[in-house]
Structure formats: C-alpha cells, structure tokens
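> The structure file upload.cif (mmCIF, C-alpha atoms and all ligand atoms) is provided below.
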```cif
data_coords
#
loop_
_atom_site.group_PDB
_atom_site.id
_atom_site.type_symbol
_atom_site.label_atom_id
_atom_site.label_comp_id
_atom_site.auth_asym_id
_atom_site.auth_seq_id
_atom_site.Cartn_x
_atom_site.Cartn_y
_atom_site.Cartn_z
ATOM 1 C CA MET A 1 2.673 -6.062 -15.525
ATOM 2 C CA LYS A 2 2.727 -2.427 -14.409
ATOM 3 C CA GLY A 3 1.000 -1.233 -11.240
ATOM 4 C CA ILE A 4 0.188 2.167 -9.754
ATOM 5 C CA GLN A 5 3.667 2.008 -8.174
ATOM 6 C CA ASP A 6 5.203 2.431 -11.639
ATOM 7 C CA TYR A 7 3.633 5.894 -11.868
ATOM 8 C CA TYR A 8 5.244 7.346 -8.710
ATOM 9 C CA PRO A 9 8.186 9.694 -9.272
ATOM 10 C CA ASP A 10 11.614 8.297 -8.360
ATOM 11 C CA HIS A 11 11.747 9.917 -4.916
ATOM 12 C CA PHE A 12 8.507 8.067 -3.971
ATOM 13 C CA ALA A 13 9.748 4.783 -5.493
ATOM 14 C CA GLN A 14 12.163 3.739 -2.747
ATOM 15 C CA CYS A 15 9.564 2.177 -0.406
ATOM 16 C CA TYR A 16 10.554 -1.201 1.082
ATOM 17 C CA GLY A 17 7.078 -2.603 0.410
ATOM 18 C CA CYS A 18 6.341 -1.274 -3.055
ATOM 19 C CA GLY A 19 9.156 0.879 -4.411
ATOM 20 C CA ARG A 20 10.195 -0.224 -7.873
ATOM 21 C CA LEU A 21 13.669 1.228 -7.186
ATOM 22 C CA ASN A 22 14.247 -0.657 -3.922
ATOM 23 C CA GLU A 23 16.180 -3.760 -4.943
ATOM 24 C CA HIS A 24 15.867 -5.212 -1.417
ATOM 25 C CA GLY A 25 12.110 -4.582 -1.149
ATOM 26 C CA HIS A 26 8.953 -6.481 -2.112
ATOM 27 C CA GLN A 27 8.164 -4.338 -5.178
ATOM 28 C CA ILE A 28 4.458 -5.178 -5.125
ATOM 29 C CA LYS A 29 2.205 -3.980 -7.936
ATOM 30 C CA THR A 30 -1.345 -2.833 -7.263
ATOM 31 C CA ASN A 31 -4.008 -2.787 -9.962
ATOM 32 C CA TRP A 32 -7.751 -2.592 -10.394
ATOM 33 C CA ASN A 33 -9.656 -5.859 -10.662
ATOM 34 C CA GLY A 34 -13.173 -4.661 -11.458
ATOM 35 C CA ALA A 35 -14.360 -2.479 -8.578
ATOM 36 C CA GLU A 36 -11.710 -3.949 -6.259
ATOM 37 C CA THR A 37 -7.922 -3.786 -6.299
ATOM 38 C CA ILE A 38 -5.517 -6.687 -6.345
ATOM 39 C CA THR A 39 -1.891 -7.591 -5.723
ATOM 40 C CA LYS A 40 -0.051 -10.906 -5.677
ATOM 41 C CA PHE A 41 3.122 -11.993 -3.915
ATOM 42 C CA VAL A 42 4.963 -15.273 -3.345
ATOM 43 C CA PRO A 43 6.727 -15.373 0.049
ATOM 44 C CA LYS A 44 10.156 -16.999 0.184
ATOM 45 C CA THR A 45 11.102 -19.633 2.764
ATOM 46 C CA TYR A 46 13.096 -16.994 4.658
ATOM 47 C CA HIS A 47 9.775 -15.162 5.281
ATOM 48 C CA THR A 48 8.910 -17.928 7.771
ATOM 49 C CA ALA A 49 7.343 -17.278 11.187
ATOM 50 C CA ILE A 50 6.798 -20.866 12.338
ATOM 51 C CA PRO A 51 7.881 -23.547 9.841
ATOM 52 C CA GLY A 52 5.164 -23.805 7.202
ATOM 53 C CA PHE A 53 3.675 -20.378 7.913
ATOM 54 C CA VAL A 54 4.395 -16.818 6.777
ATOM 55 C CA TYR A 55 5.763 -14.150 9.125
ATOM 56 C CA GLY A 56 2.958 -11.769 10.147
ATOM 57 C CA GLY A 57 5.073 -8.643 9.803
ATOM 58 C CA LEU A 58 5.564 -9.374 6.120
ATOM 59 C CA LEU A 59 1.800 -9.787 5.678
ATOM 60 C CA ALA A 60 1.173 -6.451 7.426
ATOM 61 C CA SER A 61 3.746 -4.836 5.156
ATOM 62 C CA LEU A 62 2.047 -6.207 2.023
ATOM 63 C CA ILE A 63 -1.361 -4.993 3.237
ATOM 64 C CA ASP A 64 0.159 -1.607 4.073
ATOM 65 C CA CYS A 65 1.504 -1.019 0.579
ATOM 66 C CA HIS A 66 -1.450 -2.560 -1.191
ATOM 67 C CA GLY A 67 -3.618 -0.181 0.866
ATOM 68 C CA THR A 68 -1.663 2.944 -0.067
ATOM 69 C CA GLY A 69 -1.461 1.800 -3.695
ATOM 70 C CA SER A 70 -5.226 1.169 -3.761
ATOM 71 C CA ALA A 71 -5.803 4.618 -2.254
ATOM 72 C CA ALA A 72 -3.657 6.184 -4.982
ATOM 73 C CA LEU A 73 -5.628 4.314 -7.675
ATOM 74 C CA ALA A 74 -8.921 5.445 -6.137
ATOM 75 C CA LEU A 75 -7.811 9.093 -5.923
ATOM 76 C CA ALA A 76 -6.544 9.006 -9.520
ATOM 77 C CA LYS A 77 -9.940 7.686 -10.633
ATOM 78 C CA ALA A 78 -11.881 10.213 -8.534
ATOM 79 C CA LYS A 79 -9.795 13.115 -9.890
ATOM 80 C CA ASN A 80 -9.887 11.835 -13.506
ATOM 81 C CA ILE A 81 -6.103 11.520 -13.651
ATOM 82 C CA VAL A 82 -4.919 9.464 -16.622
ATOM 83 C CA LEU A 83 -1.803 7.686 -15.322
ATOM 84 C CA ASP A 84 1.282 8.602 -17.300
ATOM 85 C CA LYS A 85 4.980 8.711 -16.366
ATOM 86 C CA SER A 86 5.058 9.908 -12.727
ATOM 87 C CA ASN A 87 1.727 11.640 -12.156
ATOM 88 C CA ALA A 88 0.116 9.186 -9.703
ATOM 89 C CA PRO A 89 -1.282 10.610 -6.451
ATOM 90 C CA ARG A 90 1.062 9.721 -3.528
ATOM 91 C CA CYS A 91 -0.404 8.468 -0.284
ATOM 92 C CA VAL A 92 1.200 7.519 3.012
ATOM 93 C CA THR A 93 -0.201 5.329 5.766
ATOM 94 C CA ALA A 94 -1.901 7.170 8.623
ATOM 95 C CA SER A 95 -3.275 3.989 10.177
ATOM 96 C CA LEU A 96 -2.823 0.248 9.651
ATOM 97 C CA GLN A 97 -4.889 -2.382 11.447
ATOM 98 C CA VAL A 98 -4.345 -6.084 10.827
ATOM 99 C CA LYS A 99 -6.218 -9.168 12.018
ATOM 100 C CA TYR A 100 -4.630 -12.606 11.636
ATOM 101 C CA LEU A 101 -7.504 -15.056 11.270
ATOM 102 C CA LYS A 102 -5.579 -18.195 10.282
ATOM 103 C CA PRO A 103 -1.898 -19.077 9.827
ATOM 104 C CA THR A 104 -0.892 -18.218 6.250
ATOM 105 C CA PRO A 105 0.674 -21.244 4.524
ATOM 106 C CA ILE A 106 4.076 -20.606 2.954
ATOM 107 C CA GLY A 107 4.878 -21.786 -0.575
ATOM 108 C CA SER A 108 1.730 -20.576 -2.324
ATOM 109 C CA GLU A 109 0.936 -17.314 -4.030
ATOM 110 C CA ILE A 110 -0.715 -14.763 -1.775
ATOM 111 C CA GLU A 111 -3.506 -12.628 -3.198
ATOM 112 C CA ILE A 112 -4.669 -9.429 -1.526
ATOM 113 C CA LYS A 113 -7.928 -7.733 -2.445
ATOM 114 C CA GLY A 114 -8.612 -4.102 -1.632
ATOM 115 C CA ILE A 115 -12.050 -2.568 -1.230
ATOM 116 C CA ILE A 116 -12.347 1.227 -1.173
ATOM 117 C CA SER A 117 -14.686 1.800 1.747
ATOM 118 C CA GLU A 118 -14.365 5.581 2.110
ATOM 119 C CA ILE A 119 -12.857 8.328 -0.019
ATOM 120 C CA THR A 120 -12.600 12.083 0.500
ATOM 121 C CA GLU A 121 -10.411 14.758 -1.097
ATOM 122 C CA ARG A 122 -7.293 13.641 0.869
ATOM 123 C CA LYS A 123 -8.160 10.487 2.791
ATOM 124 C CA VAL A 124 -8.967 6.948 1.632
ATOM 125 C CA LYS A 125 -9.976 3.986 3.761
ATOM 126 C CA VAL A 126 -9.164 0.602 2.215
ATOM 127 C CA SER A 127 -10.345 -2.757 3.544
ATOM 128 C CA CYS A 128 -8.019 -5.592 2.592
ATOM 129 C CA GLU A 129 -8.467 -9.357 2.481
ATOM 130 C CA LEU A 130 -5.436 -11.627 2.151
ATOM 131 C CA PHE A 131 -5.893 -15.117 0.727
ATOM 132 C CA ALA A 132 -3.526 -18.078 0.419
ATOM 133 C CA ASP A 133 -4.684 -21.348 -1.136
ATOM 134 C CA ASP A 134 -8.126 -19.674 -1.499
ATOM 135 C CA MET A 135 -8.299 -19.340 2.291
ATOM 136 C CA LEU A 136 -8.968 -15.955 3.913
ATOM 137 C CA CYS A 137 -6.050 -15.721 6.364
ATOM 138 C CA VAL A 138 -5.693 -12.024 7.211
ATOM 139 C CA THR A 139 -7.841 -8.897 7.020
ATOM 140 C CA GLY A 140 -6.641 -5.331 7.311
ATOM 141 C CA GLU A 141 -7.752 -1.743 7.201
ATOM 142 C CA VAL A 142 -5.539 1.019 5.887
ATOM 143 C CA ILE A 143 -6.209 4.744 6.206
ATOM 144 C CA ALA A 144 -4.079 6.485 3.594
ATOM 145 C CA VAL A 145 -3.594 10.238 3.268
ATOM 146 C CA LEU A 146 -2.593 12.118 0.126
ATOM 147 C CA VAL A 147 0.690 14.010 0.553
ATOM 148 C CA PRO A 148 2.342 16.742 -1.514
ATOM 149 C CA ASP A 149 5.301 16.146 -3.794
ATOM 150 C CA ASN A 150 7.729 17.674 -1.265
ATOM 151 C CA PHE A 151 6.543 15.378 1.570
ATOM 152 C CA GLY A 152 9.415 14.436 3.873
ATOM 153 C CA LYS A 153 11.873 16.888 2.372
ATOM 154 C CA PRO A 154 13.435 19.521 4.634
ATOM 155 C CA LYS A 155 11.648 22.857 4.165
ATOM 156 C CA ASN A 156 14.901 24.575 3.132
ATOM 157 C CA ALA A 157 16.094 21.667 0.943
ATOM 158 C CA ASN A 158 16.528 23.983 -2.067
ATOM 159 C CA LEU A 159 19.009 26.118 -0.077
ATOM 160 C CA GLN A 160 21.446 23.256 0.561
HETATM 161 C C1 LIG B 1 3.853 7.033 -2.573
HETATM 162 C C2 LIG B 1 4.798 5.945 -2.155
HETATM 163 C C3 LIG B 1 4.907 5.778 -0.659
HETATM 164 C C4 LIG B 1 4.436 4.438 -0.228
HETATM 165 C C5 LIG B 1 4.069 4.464 1.232
HETATM 166 C C6 LIG B 1 3.958 3.081 1.774
HETATM 167 C C7 LIG B 1 3.317 3.058 3.113
HETATM 168 C C8 LIG B 1 4.210 3.593 4.207
HETATM 169 O O1 LIG B 1 4.925 2.875 4.839
HETATM 170 S S1 LIG B 1 4.161 5.278 4.509
HETATM 171 C C9 LIG B 1 5.215 5.450 5.969
HETATM 172 C C10 LIG B 1 4.449 5.355 7.248
HETATM 173 N N1 LIG B 1 3.569 6.517 7.406
HETATM 174 C C11 LIG B 1 4.056 7.707 7.795
HETATM 175 O O2 LIG B 1 5.233 7.903 8.061
HETATM 176 C C12 LIG B 1 3.067 8.842 7.908
HETATM 177 C C13 LIG B 1 3.334 9.686 9.167
HETATM 178 N N2 LIG B 1 2.198 10.589 9.412
HETATM 179 C C14 LIG B 1 2.125 11.786 8.772
HETATM 180 O O3 LIG B 1 3.028 12.215 8.064
HETATM 181 C C15 LIG B 1 0.857 12.572 8.957
HETATM 182 O O4 LIG B 1 0.276 12.234 10.192
HETATM 183 C C16 LIG B 1 -0.164 12.303 7.810
HETATM 184 C C17 LIG B 1 0.413 12.784 6.464
HETATM 185 C C18 LIG B 1 -0.551 10.826 7.704
HETATM 186 C C19 LIG B 1 -1.470 13.064 8.090
HETATM 187 O O5 LIG B 1 -1.121 14.380 8.461
HETATM 188 P P1 LIG B 1 -1.821 15.630 7.806
HETATM 189 O O6 LIG B 1 -1.442 15.749 6.381
HETATM 190 O O7 LIG B 1 -1.572 16.799 8.682
HETATM 191 O O8 LIG B 1 -3.324 15.190 7.792
HETATM 192 P P2 LIG B 1 -4.563 15.715 8.623
HETATM 193 O O9 LIG B 1 -5.015 16.964 7.927
HETATM 194 O O10 LIG B 1 -4.290 15.757 10.086
HETATM 195 O O11 LIG B 1 -5.573 14.498 8.374
HETATM 196 C C20 LIG B 1 -6.101 14.213 7.094
HETATM 197 C C21 LIG B 1 -7.194 13.197 7.303
HETATM 198 O O12 LIG B 1 -6.607 11.948 7.738
HETATM 199 C C22 LIG B 1 -7.127 11.565 9.018
HETATM 200 N N3 LIG B 1 -6.028 10.991 9.792
HETATM 201 C C23 LIG B 1 -4.803 11.495 9.976
HETATM 202 N N4 LIG B 1 -4.079 10.670 10.750
HETATM 203 C C24 LIG B 1 -4.872 9.640 11.071
HETATM 204 C C25 LIG B 1 -4.703 8.456 11.841
HETATM 205 N N5 LIG B 1 -3.546 8.158 12.422
HETATM 206 N N6 LIG B 1 -5.744 7.603 11.955
HETATM 207 C C26 LIG B 1 -6.926 7.878 11.349
HETATM 208 N N7 LIG B 1 -7.142 8.975 10.581
HETATM 209 C C27 LIG B 1 -6.135 9.842 10.460
HETATM 210 C C28 LIG B 1 -7.640 12.873 9.639
HETATM 211 O O13 LIG B 1 -8.645 12.610 10.602
HETATM 212 C C29 LIG B 1 -8.178 13.596 8.410
HETATM 213 O O14 LIG B 1 -9.421 13.033 8.063
HETATM 214 P P3 LIG B 1 -10.637 13.955 7.550
HETATM 215 O O15 LIG B 1 -10.116 14.602 6.265
HETATM 216 O O16 LIG B 1 -11.764 13.008 7.351
HETATM 217 O O17 LIG B 1 -10.859 14.973 8.629
#
```
Turn this file's structure into structure tokens for me.

Amino acid sequence: MKGIQDYYPDHFAQCYGCGRLNEHGHQIKTNWNGAETITKFVPKTYHTAIPGFVYGGLLASLIDCHGTGSAALALAKAKNIVLDKSNAPRCVTASLQVKYLKPTPIGSEIEIKGIISEITERKVKVSCELFADDMLCVTGEVIAVLVPDNFGKPKNANLQ
C-alpha cells in the first residue's frame, strides 16, 4: 500500500526512517485513518534493547518519520493538494519528544497513530501514540516544518 512517502521526489526519498529509495532503512508508509494517521512496522530481533523488548532509538525513529509524514499529509489536505507523482509537501523535524511508558514487546506488529494537534502555513505539531499488542507503550510529539524543494542543497549547486 502506498503512503505519503511515495509522493516525495527522489531527492527526499533517501531518509533512513521513511525513504522508499533507502534499501537499508525502515521505509515506513504513513496514511490517513479517519481523522488520524497510521503506520505499521514489525521490528526484527536485531532491533532488541533488552531481550524481549524493542530498542528505544528505533521507536523514536519511527515516531519521527510518522510525524513528518503525518505533517505532510495534513499540509496537503489543508492546501487542497491532490497527491500525484512527487508533489507532496516535504517536512523536516524541528523537534522530537518521546516518552517511553512501558517496554515495547518485540515480535508483534507496532502501530503508531498520529493526531494533528496544531497546523499553520509552515508548521505542524503531531501527537503520536505507539501501540504493541494493543498496549500503549510510547507517546511522542513531533514539530515538523515545511521546507522548500532545494532544502539542504548548496546555494550554488547549479554552478558545480
Ligand atoms: C520529506 C522527507 C524527509 C523526511 C524527514 C524525516 C525526519 C528527519 O529526520 S529530518 C532531519 C532532522 N531535522 C533537521 O535536520 C532539521 C534541522 N533544522 C532546520 O533545518 C531548521 O531549523 C528548520 C527547517 C526546522 C526550521 O527553520 P526555519 O525554516 O528557519 O523555520 P523558522 O521560520 O525559524 O520556524 C518555523 C516555525 O517552526 C518553529 N520551530 C522551528 N524550530 C523549532 C524547534 N526546534 N522547536 C519548536 N518549534 C520550532 C518556529 O517557532 C516557527 O513557528 P511559528 O511559525 O509558529 O512561528
């Protein structure tokens, strides 16, 4: 199933968390689920922190990319953008806060919900809830900021 990440242009599709072109990354897909957003991921045994439980850095990474993906979906909706080819808004993380409430069991599918709690022209705040075995294990808040298409490129890149 496609996600917002399939509508980023190639140079925004290399992200370790969500880039469809990063063969070593998690390649998560973020979609609407009613008024909320959703992504799913199954950690591998090598994502272990303590035997039986998932490494927290991985969980932060999943929340990070689900947050920026949710922000892009919300901006597309707010600006009436019909997603096609590579026209999705592109957001980067300005802030990521994560709270680990319970150890996250390894071996089950993780589900992350995103709730758009604030949206302006360029900034989106997304509250995330991460569940495993129907248990709320982690919460997070992502502040994502819309960036231009040339974000991260040297200013004189066209002269090289
Ligand atoms: C599209 C595919 C990519 C997928 C990305 C996956 C997630 C990632 O890992 S991204 C990589 C990690 N993030 C980064 O490297 C970003 C580094 N930071 C930056 O480049 C800049 O600080 C950036 C773009 C976030 C904001 O800079 P700038 O464009 O100048 O924004 P600026 O005008 O100062 O602020 C815009 C809004 O964001 C808010 N904001 C900016 N930074 C922060 C922050 N750290 N915390 C809270 N709010 C912030 C501002 O207060 C402002 O809010 P408002 O509009 O309400 O006044």
> Sorted by chain and rising residue number, which residues of chain A lie within 8 Å of ligand LIG 1 (chain B), and what are their closest atom pairs and distances in Å to one decimal, counting all atoms listed in the file, as JSON lines?

```
{"residue": "A:Gln5", "atom": "CA", "partner": "B:LIG1", "partner_atom": "C2", "distance": 7.3}
{"residue": "A:Tyr8", "atom": "CA", "partner": "B:LIG1", "partner_atom": "C1", "distance": 6.3}
{"residue": "A:Phe12", "atom": "CA", "partner": "B:LIG1", "partner_atom": "C2", "distance": 4.6}
{"residue": "A:Ala13", "atom": "CA", "partner": "B:LIG1", "partner_atom": "C2", "distance": 6.1}
{"residue": "A:Gln14", "atom": "CA", "partner": "B:LIG1", "partner_atom": "C2", "distance": 7.7}
{"residue": "A:Cys15", "atom": "CA", "partner": "B:LIG1", "partner_atom": "C4", "distance": 5.6}
{"residue": "A:Tyr16", "atom": "CA", "partner": "B:LIG1", "partner_atom": "C6", "distance": 7.9}
{"residue": "A:Gly17", "atom": "CA", "partner": "B:LIG1", "partner_atom": "C6", "distance": 6.6}
{"residue": "A:Cys18", "atom": "CA", "partner": "B:LIG1", "partner_atom": "C4", "distance": 6.7}
{"residue": "A:Gly19", "atom": "CA", "partner": "B:LIG1", "partner_atom": "C2", "distance": 7.1}
{"residue": "A:Ser61", "atom": "CA", "partner": "B:LIG1", "partner_atom": "O1", "distance": 7.8}
{"residue": "A:Asp64", "atom": "CA", "partner": "B:LIG1", "partner_atom": "C7", "distance": 5.7}
{"residue": "A:Cys65", "atom": "CA", "partner": "B:LIG1", "partner_atom": "C6", "distance": 4.9}
{"residue": "A:Gly67", "atom": "CA", "partner": "B:LIG1", "partner_atom": "C7", "distance": 8.0}
{"residue": "A:Thr68", "atom": "CA", "partner": "B:LIG1", "partner_atom": "C7", "distance": 5.9}
{"residue": "A:Gly69", "atom": "CA", "partner": "B:LIG1", "partner_atom": "C4", "distance": 7.3}
{"residue": "A:Ala72", "atom": "CA", "partner": "B:LIG1", "partner_atom": "C1", "distance": 7.9}
{"residue": "A:Pro89", "atom": "CA", "partner": "B:LIG1", "partner_atom": "C1", "distance": 7.4}
{"residue": "A:Arg90", "atom": "CA", "partner": "B:LIG1", "partner_atom": "C1", "distance": 4.0}
{"residue": "A:Cys91", "atom": "CA", "partner": "B:LIG1", "partner_atom": "C1", "distance": 5.0}
{"residue": "A:Val92", "atom": "CA", "partner": "B:LIG1", "partner_atom": "S1", "distance": 4.0}
{"residue": "A:Thr93", "atom": "CA", "partner": "B:LIG1", "partner_atom": "N1", "distance": 4.3}
{"residue": "A:Ala94", "atom": "CA", "partner": "B:LIG1", "partner_atom": "C18", "distance": 4.0}
{"residue": "A:Ser95", "atom": "CA", "partner": "B:LIG1", "partner_atom": "N6", "distance": 4.7}
{"residue": "A:Thr120", "atom": "CA", "partner": "B:LIG1", "partner_atom": "O15", "distance": 6.8}
{"residue": "A:Glu121", "atom": "CA", "partner": "B:LIG1", "partner_atom": "O15", "distance": 7.4}
{"residue": "A:Arg122", "atom": "CA", "partner": "B:LIG1", "partner_atom": "O15", "distance": 6.2}
{"residue": "A:Lys123", "atom": "CA", "partner": "B:LIG1", "partner_atom": "C21", "distance": 5.4}
{"residue": "A:Ile143", "atom": "CA", "partner": "B:LIG1", "partner_atom": "C26", "distance": 6.1}
{"residue": "A:Ala144", "atom": "CA", "partner": "B:LIG1", "partner_atom": "C18", "distance": 6.9}
{"residue": "A:Val145", "atom": "CA", "partner": "B:LIG1", "partner_atom": "C18", "distance": 5.4}
{"residue": "A:Leu146", "atom": "CA", "partner": "B:LIG1", "partner_atom": "C17", "distance": 7.0}
{"residue": "A:Val147", "atom": "CA", "partner": "B:LIG1", "partner_atom": "C17", "distance": 6.0}
{"residue": "A:Gly152", "atom": "CA", "partner": "B:LIG1", "partner_atom": "O3", "distance": 8.0}
```
> Exactly which residues make up the result of the PyMOL selection byres (((chain A and resi 56) around 10) and not hetatm) on this file, given as a ChimeraX atom specification?
/A:47-49,53-55,57-62,98-100,103-104,138
> Residues picked by the PyMOL selection byres (((chain A and resi 44) around 10) and not hetatm) here, as a count of residues only?
11
> Identify which of the residues A:Glu23, A:Ile28, A:Ala35, A:Tyr7 lies closest to Val82 in chain A, counting all atoms listed in the file when measuring atom-to-atom distances.
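For Val82 in chain A, the nearest of the candidates is A:Tyr7.
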> Select, from A:Ser86, A:Lys79, A:Glu111, A:Lys125, the residue with the minimum atom-to-atom distance to His11 in chain A, counting only C-alpha atoms.
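Comparing A:Ser86, A:Lys79, A:Glu111, A:Lys125 against His11 in chain A, the winner is A:Ser86.
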> CA of Lys29 in chain A to CA of Ile115 in chain A: how many Å, to one decimal?
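Between CA of Lys29 in chain A and CA of Ile115 in chain A the gap is 15.8 Å.
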> Using CA of Leu130 in chain A and CA of Asn22 in chain A as the two end points, give the distance in Å to one decimal.
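That distance, rounded to one decimal, is 23.3 Å.
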> Using CA of Ser117 in chain A and CA of Leu21 in chain A as the two end points, give the distance in Å to one decimal.
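Between CA of Ser117 in chain A and CA of Leu21 in chain A the gap is 29.7 Å.
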> Given only C-alpha atoms as the basis, pick out the residue of A:Lys77, A:Lys85, A:Ile110, A:Asn150 nearest to Cys137 in chain A.
A:Ile110
> Take the PyMOL selection byres (((chain A and resi 38) around 9) and not hetatm), run it mentally on this structure, and tell me the resulting residues as a tab-separated table (two decimals) with C-alpha atoms, in the frame of the given file.

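What landed in part_36.tsv:
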```
chain	number	residue	atom	x	y	z
A	29	LYS	CA	2.20	-3.98	-7.94
A	30	THR	CA	-1.34	-2.83	-7.26
A	31	ASN	CA	-4.01	-2.79	-9.96
A	32	TRP	CA	-7.75	-2.59	-10.39
A	33	ASN	CA	-9.66	-5.86	-10.66
A	36	GLU	CA	-11.71	-3.95	-6.26
A	37	THR	CA	-7.92	-3.79	-6.30
A	39	THR	CA	-1.89	-7.59	-5.72
A	40	LYS	CA	-0.05	-10.91	-5.68
A	66	HIS	CA	-1.45	-2.56	-1.19
A	70	SER	CA	-5.23	1.17	-3.76
A	111	GLU	CA	-3.51	-12.63	-3.20
A	112	ILE	CA	-4.67	-9.43	-1.53
A	113	LYS	CA	-7.93	-7.73	-2.44
A	114	GLY	CA	-8.61	-4.10	-1.63
```
> For range 77-103 of chain A, supply N, CA and C atoms and report the output as an mmCIF file, in the frame of the given file.

```cif
data_model
loop_
_atom_site.group_PDB
_atom_site.id
_atom_site.type_symbol
_atom_site.label_atom_id
_atom_site.label_comp_id
_atom_site.auth_asym_id
_atom_site.auth_seq_id
_atom_site.Cartn_x
_atom_site.Cartn_y
_atom_site.Cartn_z
ATOM 1 N N LYS A 77 -8.648 7.867 -9.957
ATOM 2 C CA LYS A 77 -9.940 7.686 -10.633
ATOM 3 C C LYS A 77 -10.892 8.841 -10.278
ATOM 4 N N ALA A 78 -10.952 9.167 -8.981
ATOM 5 C CA ALA A 78 -11.881 10.213 -8.534
ATOM 6 C C ALA A 78 -11.526 11.574 -9.132
ATOM 7 N N LYS A 79 -10.234 11.806 -9.365
ATOM 8 C CA LYS A 79 -9.795 13.115 -9.890
ATOM 9 C C LYS A 79 -9.571 13.074 -11.408
ATOM 10 N N ASN A 80 -10.020 11.983 -12.038
ATOM 11 C CA ASN A 80 -9.887 11.835 -13.506
ATOM 12 C C ASN A 80 -8.452 12.008 -13.992
ATOM 13 N N ILE A 81 -7.513 11.456 -13.244
ATOM 14 C CA ILE A 81 -6.103 11.520 -13.651
ATOM 15 C C ILE A 81 -5.806 10.307 -14.538
ATOM 16 N N VAL A 82 -5.347 10.564 -15.736
ATOM 17 C CA VAL A 82 -4.919 9.464 -16.622
ATOM 18 C C VAL A 82 -3.451 9.196 -16.285
ATOM 19 N N LEU A 83 -3.163 7.987 -15.788
ATOM 20 C CA LEU A 83 -1.803 7.686 -15.322
ATOM 21 C C LEU A 83 -0.814 7.698 -16.473
ATOM 22 N N ASP A 84 0.258 8.472 -16.260
ATOM 23 C CA ASP A 84 1.282 8.602 -17.300
ATOM 24 C C ASP A 84 2.577 9.042 -16.614
ATOM 25 N N LYS A 85 3.662 8.400 -16.952
ATOM 26 C CA LYS A 85 4.980 8.711 -16.366
ATOM 27 C C LYS A 85 4.911 8.721 -14.841
ATOM 28 N N SER A 86 4.971 9.902 -14.198
ATOM 29 C CA SER A 86 5.058 9.908 -12.727
ATOM 30 C C SER A 86 4.005 10.809 -12.107
ATOM 31 N N ASN A 87 2.764 10.718 -12.635
ATOM 32 C CA ASN A 87 1.727 11.640 -12.156
ATOM 33 C C ASN A 87 0.731 11.010 -11.175
ATOM 34 N N ALA A 88 1.058 9.832 -10.626
ATOM 35 C CA ALA A 88 0.116 9.186 -9.703
ATOM 36 C C ALA A 88 0.018 9.984 -8.403
ATOM 37 N N PRO A 89 -1.183 10.031 -7.786
ATOM 38 C CA PRO A 89 -1.282 10.610 -6.451
ATOM 39 C C PRO A 89 -0.407 9.788 -5.501
ATOM 40 N N ARG A 90 0.176 10.444 -4.469
ATOM 41 C CA ARG A 90 1.062 9.721 -3.528
ATOM 42 C C ARG A 90 0.429 9.754 -2.154
ATOM 43 N N CYS A 91 0.233 8.580 -1.600
ATOM 44 C CA CYS A 91 -0.404 8.468 -0.284
ATOM 45 C C CYS A 91 0.515 7.780 0.692
ATOM 46 N N VAL A 92 0.476 8.238 1.958
ATOM 47 C CA VAL A 92 1.200 7.519 3.012
ATOM 48 C C VAL A 92 0.186 6.929 3.989
ATOM 49 N N THR A 93 0.656 6.007 4.809
ATOM 50 C CA THR A 93 -0.201 5.329 5.766
ATOM 51 C C THR A 93 -0.371 6.179 7.010
ATOM 52 N N ALA A 94 -1.620 6.497 7.347
ATOM 53 C CA ALA A 94 -1.901 7.170 8.623
ATOM 54 C C ALA A 94 -2.232 6.124 9.673
ATOM 55 N N SER A 95 -2.880 5.036 9.237
ATOM 56 C CA SER A 95 -3.275 3.989 10.177
ATOM 57 C C SER A 95 -3.295 2.643 9.467
ATOM 58 N N LEU A 96 -2.841 1.618 10.188
ATOM 59 C CA LEU A 96 -2.823 0.248 9.651
ATOM 60 C C LEU A 96 -3.292 -0.698 10.745
ATOM 61 N N GLN A 97 -4.393 -1.405 10.469
ATOM 62 C CA GLN A 97 -4.889 -2.382 11.447
ATOM 63 C C GLN A 97 -4.954 -3.743 10.759
ATOM 64 N N VAL A 98 -4.438 -4.756 11.446
ATOM 65 C CA VAL A 98 -4.345 -6.084 10.827
ATOM 66 C C VAL A 98 -4.922 -7.131 11.775
ATOM 67 N N LYS A 99 -5.707 -8.046 11.220
ATOM 68 C CA LYS A 99 -6.218 -9.168 12.018
ATOM 69 C C LYS A 99 -5.770 -10.471 11.371
ATOM 70 N N TYR A 100 -5.112 -11.300 12.135
ATOM 71 C CA TYR A 100 -4.630 -12.606 11.636
ATOM 72 C C TYR A 100 -5.674 -13.657 12.011
ATOM 73 N N LEU A 101 -6.395 -14.133 11.004
ATOM 74 C CA LEU A 101 -7.504 -15.056 11.270
ATOM 75 C C LEU A 101 -7.035 -16.504 11.299
ATOM 76 N N LYS A 102 -6.097 -16.813 10.396
ATOM 77 C CA LYS A 102 -5.579 -18.195 10.282
ATOM 78 C C LYS A 102 -4.112 -18.096 9.920
ATOM 79 N N PRO A 103 -3.285 -19.082 10.298
ATOM 80 C CA PRO A 103 -1.898 -19.077 9.827
ATOM 81 C C PRO A 103 -1.882 -19.107 8.299
#
```
